[in-house]
file model_39.csv (CSV, C-alpha atoms and all ligand atoms)
chain,number,residue,atom,x,y,z
A,769,MET,CA,26.2,2.8,-2.5
A,770,GLN,CA,25.2,0.3,0.2
A,771,HIS,CA,25.5,-3.4,-0.8
A,772,MET,CA,22.2,-5.2,-1.1
A,773,SER,CA,23.3,-7.9,1.4
A,774,GLU,CA,23.8,-5.1,4.1
A,775,TRP,CA,20.4,-3.6,3.1
A,776,ILE,CA,18.5,-6.9,3.6
A,777,ASP,CA,19.9,-7.2,7.1
A,778,ILE,CA,18.7,-3.7,7.9
A,779,ALA,CA,15.3,-4.5,6.4
A,780,ALA,CA,15.0,-7.7,8.4
A,781,GLN,CA,15.8,-5.9,11.6
A,782,PHE,CA,13.4,-3.1,10.8
A,783,ILE,CA,10.4,-5.4,10.4
A,784,GLY,CA,11.6,-8.0,13.0
A,785,PHE,CA,11.4,-10.8,10.5
A,786,PRO,CA,14.2,-12.9,8.9
A,787,LEU,CA,14.8,-12.4,5.2
A,788,SER,CA,16.5,-15.1,3.2
A,789,GLU,CA,18.9,-14.9,0.2
A,790,ASP,CA,16.1,-15.6,-2.2
A,791,ARG,CA,14.1,-12.6,-0.9
A,792,LEU,CA,17.2,-10.5,-1.5
A,793,ARG,CA,17.4,-11.7,-5.1
A,794,LEU,CA,13.7,-10.7,-5.7
A,795,PHE,CA,14.3,-7.2,-4.3
A,796,GLU,CA,17.4,-6.9,-6.6
A,797,ILE,CA,15.4,-7.8,-9.7
A,798,TYR,CA,12.5,-5.4,-8.7
A,799,GLU,CA,15.1,-2.6,-8.2
A,800,SER,CA,16.8,-3.1,-11.5
A,801,GLU,CA,13.5,-3.4,-13.4
A,802,LEU,CA,12.2,-0.3,-11.8
A,803,ILE,CA,15.4,1.6,-12.8
A,804,GLU,CA,15.2,0.2,-16.3
A,805,TRP,CA,11.5,0.9,-16.9
A,806,ASN,CA,11.8,4.4,-15.4
A,807,THR,CA,14.1,5.4,-18.3
A,808,ARG,CA,11.2,4.7,-20.7
A,809,PHE,CA,8.1,5.5,-18.7
A,810,ASN,CA,7.8,7.9,-15.9
A,811,LEU,CA,6.8,5.4,-13.2
A,812,THR,CA,8.3,7.1,-10.1
A,813,ALA,CA,10.2,10.2,-9.2
A,814,ILE,CA,12.6,8.1,-7.1
A,815,LYS,CA,15.4,6.9,-9.4
A,816,ASN,CA,18.6,6.0,-7.5
A,817,PRO,CA,19.1,2.6,-5.8
A,818,ASP,CA,19.6,3.9,-2.2
A,819,GLU,CA,16.5,5.9,-2.4
A,820,ILE,CA,14.5,3.1,-3.9
A,821,ARG,CA,15.5,0.8,-1.1
A,822,THR,CA,14.7,3.4,1.6
A,823,LYS,CA,11.8,5.3,0.3
A,824,HIS,CA,10.1,2.5,-1.7
A,825,PHE,CA,11.1,-0.8,-0.2
A,826,LEU,CA,11.6,-0.1,3.5
A,827,ASP,CA,8.8,2.4,3.6
A,828,SER,CA,6.4,-0.2,2.0
A,829,LEU,CA,7.6,-2.8,4.5
A,830,SER,CA,6.8,-0.5,7.4
A,831,CYS,CA,3.1,-1.5,7.0
A,832,VAL,CA,3.9,-4.8,8.9
A,833,LEU,CA,4.3,-2.6,12.0
A,834,ALA,CA,0.5,-2.1,11.9
A,835,ILE,CA,-0.5,-5.7,11.1
A,836,ASN,CA,-0.6,-8.5,13.7
A,837,ASP,CA,-0.8,-11.5,11.5
A,838,ILE,CA,-0.1,-10.9,7.9
A,839,ASN,CA,0.5,-14.3,6.3
A,840,GLY,CA,-2.5,-15.8,4.5
A,841,ARG,CA,-4.5,-12.5,4.7
A,842,SER,CA,-6.1,-10.8,1.7
A,843,LEU,CA,-4.6,-7.4,1.1
A,844,VAL,CA,-5.7,-4.8,-1.4
A,845,ASP,CA,-3.3,-2.0,-2.3
A,846,VAL,CA,-5.3,1.0,-3.7
A,847,GLY,CA,-3.4,3.3,-6.1
A,848,THR,CA,-0.4,1.0,-6.1
A,849,GLY,CA,1.5,2.9,-8.9
A,850,ALA,CA,4.7,0.9,-9.4
A,851,GLY,CA,3.6,-1.6,-6.8
A,852,PHE,CA,4.0,0.2,-3.5
A,853,PRO,CA,3.5,-0.9,-0.8
A,854,GLY,CA,1.9,-4.2,-2.1
A,855,ILE,CA,4.7,-5.9,-4.0
A,856,PRO,CA,7.5,-5.5,-1.3
A,857,LEU,CA,5.0,-6.9,1.3
A,858,LYS,CA,4.2,-9.8,-1.1
A,859,ILE,CA,8.0,-10.5,-1.5
A,860,VAL,CA,8.5,-10.8,2.2
A,861,PHE,CA,5.2,-12.7,2.9
A,862,PRO,CA,4.6,-15.1,0.0
A,863,ASP,CA,1.3,-16.4,1.4
A,864,LEU,CA,-0.4,-13.0,1.3
A,865,LYS,CA,-3.3,-12.8,-1.1
A,866,LEU,CA,-2.5,-9.6,-3.0
A,867,THR,CA,-4.7,-7.4,-5.1
A,868,LEU,CA,-3.2,-4.3,-6.7
A,869,VAL,CA,-5.5,-1.6,-7.9
A,870,ASP,CA,-4.8,1.5,-10.0
A,871,SER,CA,-6.9,3.7,-12.3
A,872,VAL,CA,-3.9,4.1,-14.7
A,873,GLY,CA,-3.2,1.1,-16.9
A,874,LYS,CA,0.4,1.8,-17.7
A,875,LYS,CA,1.5,1.4,-14.1
A,876,LEU,CA,-0.3,-1.9,-13.9
A,877,VAL,CA,1.6,-3.2,-17.0
A,878,PHE,CA,4.8,-2.7,-15.0
A,879,CYS,CA,3.2,-4.4,-11.9
A,880,GLN,CA,2.2,-7.4,-14.0
A,881,HIS,CA,5.7,-7.6,-15.5
A,882,ILE,CA,7.2,-7.7,-12.0
A,883,ILE,CA,4.8,-10.3,-10.8
A,884,ASP,CA,5.8,-12.5,-13.7
A,885,ARG,CA,9.5,-11.8,-13.4
A,886,LEU,CA,9.5,-12.6,-9.7
A,887,SER,CA,7.0,-15.6,-10.2
A,888,LEU,CA,4.8,-14.2,-7.4
A,889,THR,CA,1.7,-16.3,-7.0
A,890,ASP,CA,-1.8,-15.4,-5.7
A,891,CYS,CA,-1.6,-11.9,-7.0
A,892,ARG,CA,-4.2,-10.1,-9.1
A,893,ILE,CA,-4.2,-6.8,-10.8
A,894,ILE,CA,-7.3,-4.7,-11.3
A,895,HIS,CA,-7.5,-1.7,-13.6
A,896,ALA,CA,-10.3,0.3,-11.9
A,897,ARG,CA,-11.1,3.2,-9.7
A,898,ALA,CA,-11.4,2.3,-6.0
A,899,GLU,CA,-14.8,4.0,-5.9
A,900,ASP,CA,-16.2,1.5,-8.4
A,901,LEU,CA,-14.7,-1.5,-6.6
A,902,GLY,CA,-16.2,-0.3,-3.3
A,903,LYS,CA,-19.6,-0.7,-4.8
A,904,ASP,CA,-18.9,-4.1,-6.5
A,905,PRO,CA,-20.1,-7.1,-4.4
A,906,LEU,CA,-17.0,-9.0,-5.5
A,907,HIS,CA,-14.8,-6.5,-3.7
A,908,ARG,CA,-17.0,-4.7,-1.2
A,909,GLU,CA,-16.2,-5.8,2.4
A,910,ARG,CA,-14.0,-8.7,1.0
A,911,TYR,CA,-10.5,-7.8,2.2
A,912,ASP,CA,-8.8,-8.3,5.6
A,913,ILE,CA,-6.5,-5.3,4.9
A,914,ALA,CA,-6.7,-2.3,2.6
A,915,VAL,CA,-3.6,-0.1,2.3
A,916,ALA,CA,-2.6,3.0,0.4
A,917,ARG,CA,0.4,5.3,0.1
A,918,ALA,CA,0.4,8.8,-1.4
A,919,VAL,CA,-3.1,8.6,-3.0
A,920,THR,CA,-5.3,11.3,-1.4
A,921,GLY,CA,-6.2,13.0,1.9
A,922,LEU,CA,-7.3,10.8,4.8
A,923,SER,CA,-11.0,11.7,4.6
A,924,ALA,CA,-11.3,10.8,0.9
A,925,LEU,CA,-9.0,7.9,1.4
A,926,SER,CA,-11.1,6.4,4.1
A,927,GLU,CA,-14.0,6.5,1.7
A,928,LEU,CA,-11.9,4.5,-0.9
A,929,LEU,CA,-10.5,2.0,1.6
A,930,LEU,CA,-13.0,1.3,4.3
A,931,PRO,CA,-15.8,0.0,2.0
A,932,LEU,CA,-13.4,-2.7,0.8
A,933,VAL,CA,-12.5,-3.9,4.3
A,934,LYS,CA,-14.4,-6.8,6.1
A,935,ARG,CA,-15.6,-6.2,9.6
A,936,LYS,CA,-12.7,-6.7,12.0
A,937,GLY,CA,-10.3,-6.0,9.2
A,938,ILE,CA,-8.1,-2.9,9.0
A,939,MET,CA,-7.2,-0.1,6.7
A,940,ILE,CA,-3.7,1.4,6.8
A,941,ALA,CA,-2.9,4.8,5.4
A,942,GLN,CA,0.8,5.6,5.0
A,943,LYS,CA,1.4,9.2,5.7
A,944,GLY,CA,4.1,11.8,6.4
A,945,GLU,CA,4.2,14.9,8.6
A,946,THR,CA,0.5,15.8,7.9
A,947,ALA,CA,-0.8,12.6,9.6
A,948,THR,CA,-2.0,14.2,12.9
A,949,GLU,CA,-3.7,17.1,11.1
A,950,GLU,CA,-5.4,14.8,8.5
A,951,LEU,CA,-6.6,12.5,11.3
A,952,LYS,CA,-8.3,15.4,13.1
A,953,THR,CA,-10.3,16.4,10.0
A,954,ALA,CA,-11.1,12.8,8.9
A,955,GLU,CA,-12.4,11.4,12.2
A,956,LYS,CA,-16.0,12.0,11.4
A,957,ALA,CA,-15.7,10.4,8.0
A,958,ILE,CA,-14.0,7.4,9.5
A,959,ARG,CA,-16.9,6.9,12.0
A,960,ILE,CA,-19.6,7.3,9.3
A,961,LEU,CA,-17.8,4.8,7.0
A,962,GLY,CA,-17.8,2.1,9.7
A,963,GLY,CA,-14.3,2.7,11.2
A,964,GLY,CA,-13.7,1.8,14.9
A,965,GLU,CA,-10.4,2.0,16.8
A,966,ILE,CA,-7.8,4.4,15.3
A,967,GLN,CA,-4.1,4.2,16.0
A,968,LEU,CA,-1.5,6.7,14.9
A,969,ILE,CA,1.8,4.8,14.7
A,970,PRO,CA,5.0,6.8,14.2
A,971,VAL,CA,7.6,5.1,12.0
A,972,THR,CA,11.3,5.8,11.7
A,973,ILE,CA,12.6,4.4,8.5
A,974,PRO,CA,16.3,3.5,8.7
A,975,ASN,CA,18.5,6.1,6.8
A,976,ALA,CA,15.5,8.3,6.0
A,977,ALA,CA,15.1,11.9,7.3
A,978,GLU,CA,11.4,12.2,7.1
A,979,GLN,CA,9.1,11.2,10.0
A,980,ARG,CA,6.5,8.7,8.7
A,981,TYR,CA,3.2,7.6,10.2
A,982,LEU,CA,0.9,4.7,9.8
A,983,ILE,CA,-2.8,5.4,10.4
A,984,ARG,CA,-4.4,2.1,11.3
A,985,ILE,CA,-8.1,1.9,11.5
A,986,GLU,CA,-10.2,-1.1,12.5
A,987,LYS,CA,-13.4,-1.7,10.6
A,988,GLN,CA,-16.2,-2.0,13.2
A,989,ARG,CA,-19.4,-1.8,11.3
A,990,ASN,CA,-20.4,-2.3,7.7
A,991,THR,CA,-20.1,0.8,5.5
A,992,PRO,CA,-23.6,2.4,4.8
A,993,SER,CA,-24.8,1.7,1.3
A,994,GLY,CA,-24.5,5.3,0.1
A,995,TYR,CA,-20.7,5.0,0.3
A,996,PRO,CA,-18.4,5.3,-1.6
A,997,ARG,CA,-19.9,8.2,-3.4
A,998,ARG,CA,-19.0,9.2,-7.0
A,999,PRO,CA,-15.3,10.3,-7.6
A,1000,ASP,CA,-16.3,13.9,-8.3
A,1001,GLN,CA,-18.4,14.0,-5.1
A,1002,ILE,CA,-15.6,12.6,-3.0
A,1003,ARG,CA,-13.1,15.0,-4.5
A,1004,LYS,CA,-15.2,18.1,-4.2
A,1005,LYS,CA,-16.6,17.4,-0.8
A,1006,PRO,CA,-14.8,15.0,1.4
A,1007,ILE,CA,-16.9,14.1,4.4
A,1008,ASP,CA,-16.2,16.6,7.2
A,1101,LIG,N1,1.2,4.0,-4.0
A,1101,LIG,C1,2.2,4.3,-4.9
A,1101,LIG,C2,1.7,5.3,-6.0
A,1101,LIG,C3,1.3,6.6,-5.5
A,1101,LIG,S1,0.8,7.7,-6.8
A,1101,LIG,C4,3.4,4.9,-4.2
A,1101,LIG,O1,3.3,5.2,-3.1
A,1101,LIG,O2,4.5,4.9,-4.8
A,1101,LIG,C5,-1.0,7.6,-6.7
A,1101,LIG,C6,-1.6,6.5,-7.5
A,1101,LIG,O3,-2.9,6.3,-7.2
A,1101,LIG,C7,-1.5,6.8,-9.0
A,1101,LIG,O4,-0.9,5.7,-9.7
A,1101,LIG,C8,-3.0,6.9,-9.4
A,1101,LIG,O5,-3.3,6.5,-10.7
A,1101,LIG,C9,-3.7,6.1,-8.3
A,1101,LIG,N2,-5.1,6.5,-8.0
A,1101,LIG,C10,-5.5,7.8,-7.6
A,1101,LIG,N3,-6.8,7.8,-7.3
A,1101,LIG,C11,-7.2,6.5,-7.5
A,1101,LIG,C12,-8.5,5.9,-7.4
A,1101,LIG,N4,-9.6,6.6,-7.0
A,1101,LIG,N5,-8.6,4.6,-7.7
A,1101,LIG,C13,-7.6,3.9,-8.1
A,1101,LIG,N6,-6.3,4.4,-8.2
A,1101,LIG,C14,-6.2,5.7,-8.0
call {"tool": "encode", "arguments": {"input": "model_39.csv", "output": "structure tokens"}}
result
Amino acid sequence: MQHMSEWIDIAAQFIGFPLSEDRLRLFEIYESELIEWNTRFNLTAIKNPDEIRTKHFLDSLSCVLAINDINGRSLVDVGTGAGFPGIPLKIVFPDLKLTLVDSVGKKLVFCQHIIDRLSLTDCRIIHARAEDLGKDPLHRERYDIAVARAVTGLSALSELLLPLVKRKGIMIAQKGETATEELKTAEKAIRILGGGEIQLIPVTIPNAAEQRYLIRIEKQRNTPSGYPRRPDQIRKKPID
């Protein structure tokens, strides 16, 4: 297994940002807690340290490749699960204003535990469906950045993320090989929901075989008031 001090150098080079000893320590704690909790609750399918560092930590950090100026921004991670990509981003950029959202409470118990263990400030955790937050004036069009990994197809995902983003803010969808295809079928939805410029950014994660993509969408106009629709409507009939 690779030593954590070697890994942190790879991570720093990957994101083009220096990472200090204390950041390394935070990733070490996150990793060991994830392994520990995973033996009791089924938090994630990825269980060995090398894979955690590559497929969870580096893959989460890849989001910075789509963000120009991250420090001090408000970021909402929709369907965060065990904290990905939100918590690794917060570890590296402590001034980020982080909101983690999931509809499943048990995953958020773990996220809260990590936030406490790592003494991360300016984080909040919300147990809700993104569809409801998108209609709530406290959350609708309130975030600079909305991100999600492994939650749903791009059309439905845009309906969850874009309503939360301020004008001129961005949404980022982390995707695998299906990115190009998903983008084709989601373009109309993205326009309807207020999306503007779309970028497909290929990402090569060090030591990982799979080709990854970031789909970065700027919010150009406010989302029309009929969106997001109800969960069953989004699921049964994504905008096409
Ligand atoms: N982003 C994490 C977890 C992916 S699993 C990772 O990449 O590792 C998908 C997560 O999204 C689950 O925890 C599920 O509960 C959550 N989720 C799915 N639909 C959601 C919705 N509409 N609102 C909020 N959370 C949702």
call {"tool": "atom_distance", "arguments": {"input": "model_39.csv", "atom1": "atom CA of Ala924 of chain A", "atom2": "atom CA of Pro999 of chain A"}}
result
9.4 Å
call {"tool": "residues_near_ligand", "arguments": {"input": "model_39.csv", "ligand": "ligand LIG 1101 (chain A)", "cutoff": "8 Å", "atoms": "only C-alpha atoms and all ligand atoms", "output": "list of chain:residue names"}}
result
A:Thr812, A:His824, A:Asp845, A:Val846, A:Gly847, A:Thr848, A:Gly849, A:Ala850, A:Gly851, A:Phe852, A:Pro853, A:Val869, A:Asp870, A:Ser871, A:Val872, A:Lys875, A:His895, A:Ala896, A:Arg897, A:Ala898, A:Glu899, A:Ala916, A:Arg917, A:Ala918, A:Val919, A:Thr920, A:Leu928, A:Pro999
call {"tool": "closest_residue", "arguments": {"input": "model_39.csv", "among": "A:Ile985, A:Leu794, A:Ile838, A:Ile882", "to": "Gln942 of chain A", "atoms": "all atoms listed in the file"}}
result
A:Ile985
call {"tool": "axis_aligned_box", "arguments": {"input": "model_39.csv", "around": "segment 798-815 of chain A", "padding_each_side": "3 Å", "output": "JSON"}}
result
{"center_x": 11.8, "center_y": 2.4, "center_z": -13.9, "size_x": 16.0, "size_y": 21.6, "size_z": 19.6}
call {"tool": "atom_distance", "arguments": {"input": "model_39.csv", "atom1": "atom CA of Gln988 of chain A", "atom2": "atom CA of Gly964 of chain A"}}
result
4.9 Å
call {"tool": "atom_distance", "arguments": {"input": "model_39.csv", "atom1": "atom CA of Ile893 of chain A", "atom2": "atom CA of Leu876 of chain A"}}
result
7.0 Å
call {"tool": "residues_around", "arguments": {"input": "model_39.csv", "residues": "Glu774 of chain A", "least_positions_apart": "3", "cutoff": "12 Å", "atoms": "all atoms listed in the file", "output": "tab-separated table (two decimals) with C-alpha atoms, in the frame of the given file"}}
result
chain	number	residue	atom	x	y	z
A	769	MET	CA	26.20	2.80	-2.50
A	770	GLN	CA	25.20	0.30	0.20
A	771	HIS	CA	25.50	-3.40	-0.80
A	777	ASP	CA	19.90	-7.20	7.10
A	778	ILE	CA	18.70	-3.70	7.90
A	779	ALA	CA	15.30	-4.50	6.40
A	780	ALA	CA	15.00	-7.70	8.40
A	781	GLN	CA	15.80	-5.90	11.60
A	787	LEU	CA	14.80	-12.40	5.20
A	789	GLU	CA	18.90	-14.90	0.20
A	792	LEU	CA	17.20	-10.50	-1.50
A	818	ASP	CA	19.60	3.90	-2.20
A	821	ARG	CA	15.50	0.80	-1.10
call {"tool": "closest_residue", "arguments": {"input": "model_39.csv", "among": "A:Cys891, A:Ile814, A:Ala914, A:Ile776", "to": "Leu843 of chain A", "atoms": "all atoms listed in the file"}}
result
A:Ala914
call {"tool": "residues_around", "arguments": {"input": "model_39.csv", "residues": "Asp837 of chain A", "least_positions_apart": "3", "cutoff": "12 Å", "atoms": "all atoms listed in the file", "output": "list of chain:residue names"}}
result
A:Cys831, A:Val832, A:Leu833, A:Ala834, A:Gly840, A:Arg841, A:Ser842, A:Leu843, A:Phe861, A:Asp863, A:Leu864, A:Asp912, A:Ile913, A:Gly937, A:Ile938
call {"tool": "closest_residue", "arguments": {"input": "model_39.csv", "among": "A:Val971, A:Ile1002, A:Leu901, A:Met772", "to": "Leu922 of chain A", "atoms": "all atoms listed in the file"}}
result
A:Ile1002
call {"tool": "closest_residue", "arguments": {"input": "model_39.csv", "among": "A:Arg980, A:Arg885, A:Arg935, A:Lys858", "to": "Gly963 of chain A", "atoms": "all atoms listed in the file"}}
result
A:Arg935
call {"tool": "closest_residue", "arguments": {"input": "model_39.csv", "among": "A:Pro974, A:Ile783, A:His907, A:Trp805", "to": "Leu857 of chain A", "atoms": "only C-alpha atoms"}}
result
A:Ile783
call {"tool": "closest_residue", "arguments": {"input": "model_39.csv", "among": "A:Arg808, A:Ser993, A:Pro862, A:Asp904", "to": "Asp890 of chain A", "atoms": "all atoms listed in the file"}}
result
A:Pro862
call {"tool": "residues_around", "arguments": {"input": "model_39.csv", "residues": "Ser926 of chain A", "least_positions_apart": "3", "cutoff": "12 Å", "atoms": "only C-alpha atoms", "output": "number ranges by chain"}}
result
A: 846, 898-899, 902, 914-916, 919-923, 929-933, 938-942, 950-951, 953-963, 966, 983-987, 991, 995-997, 1002, 1006-1008
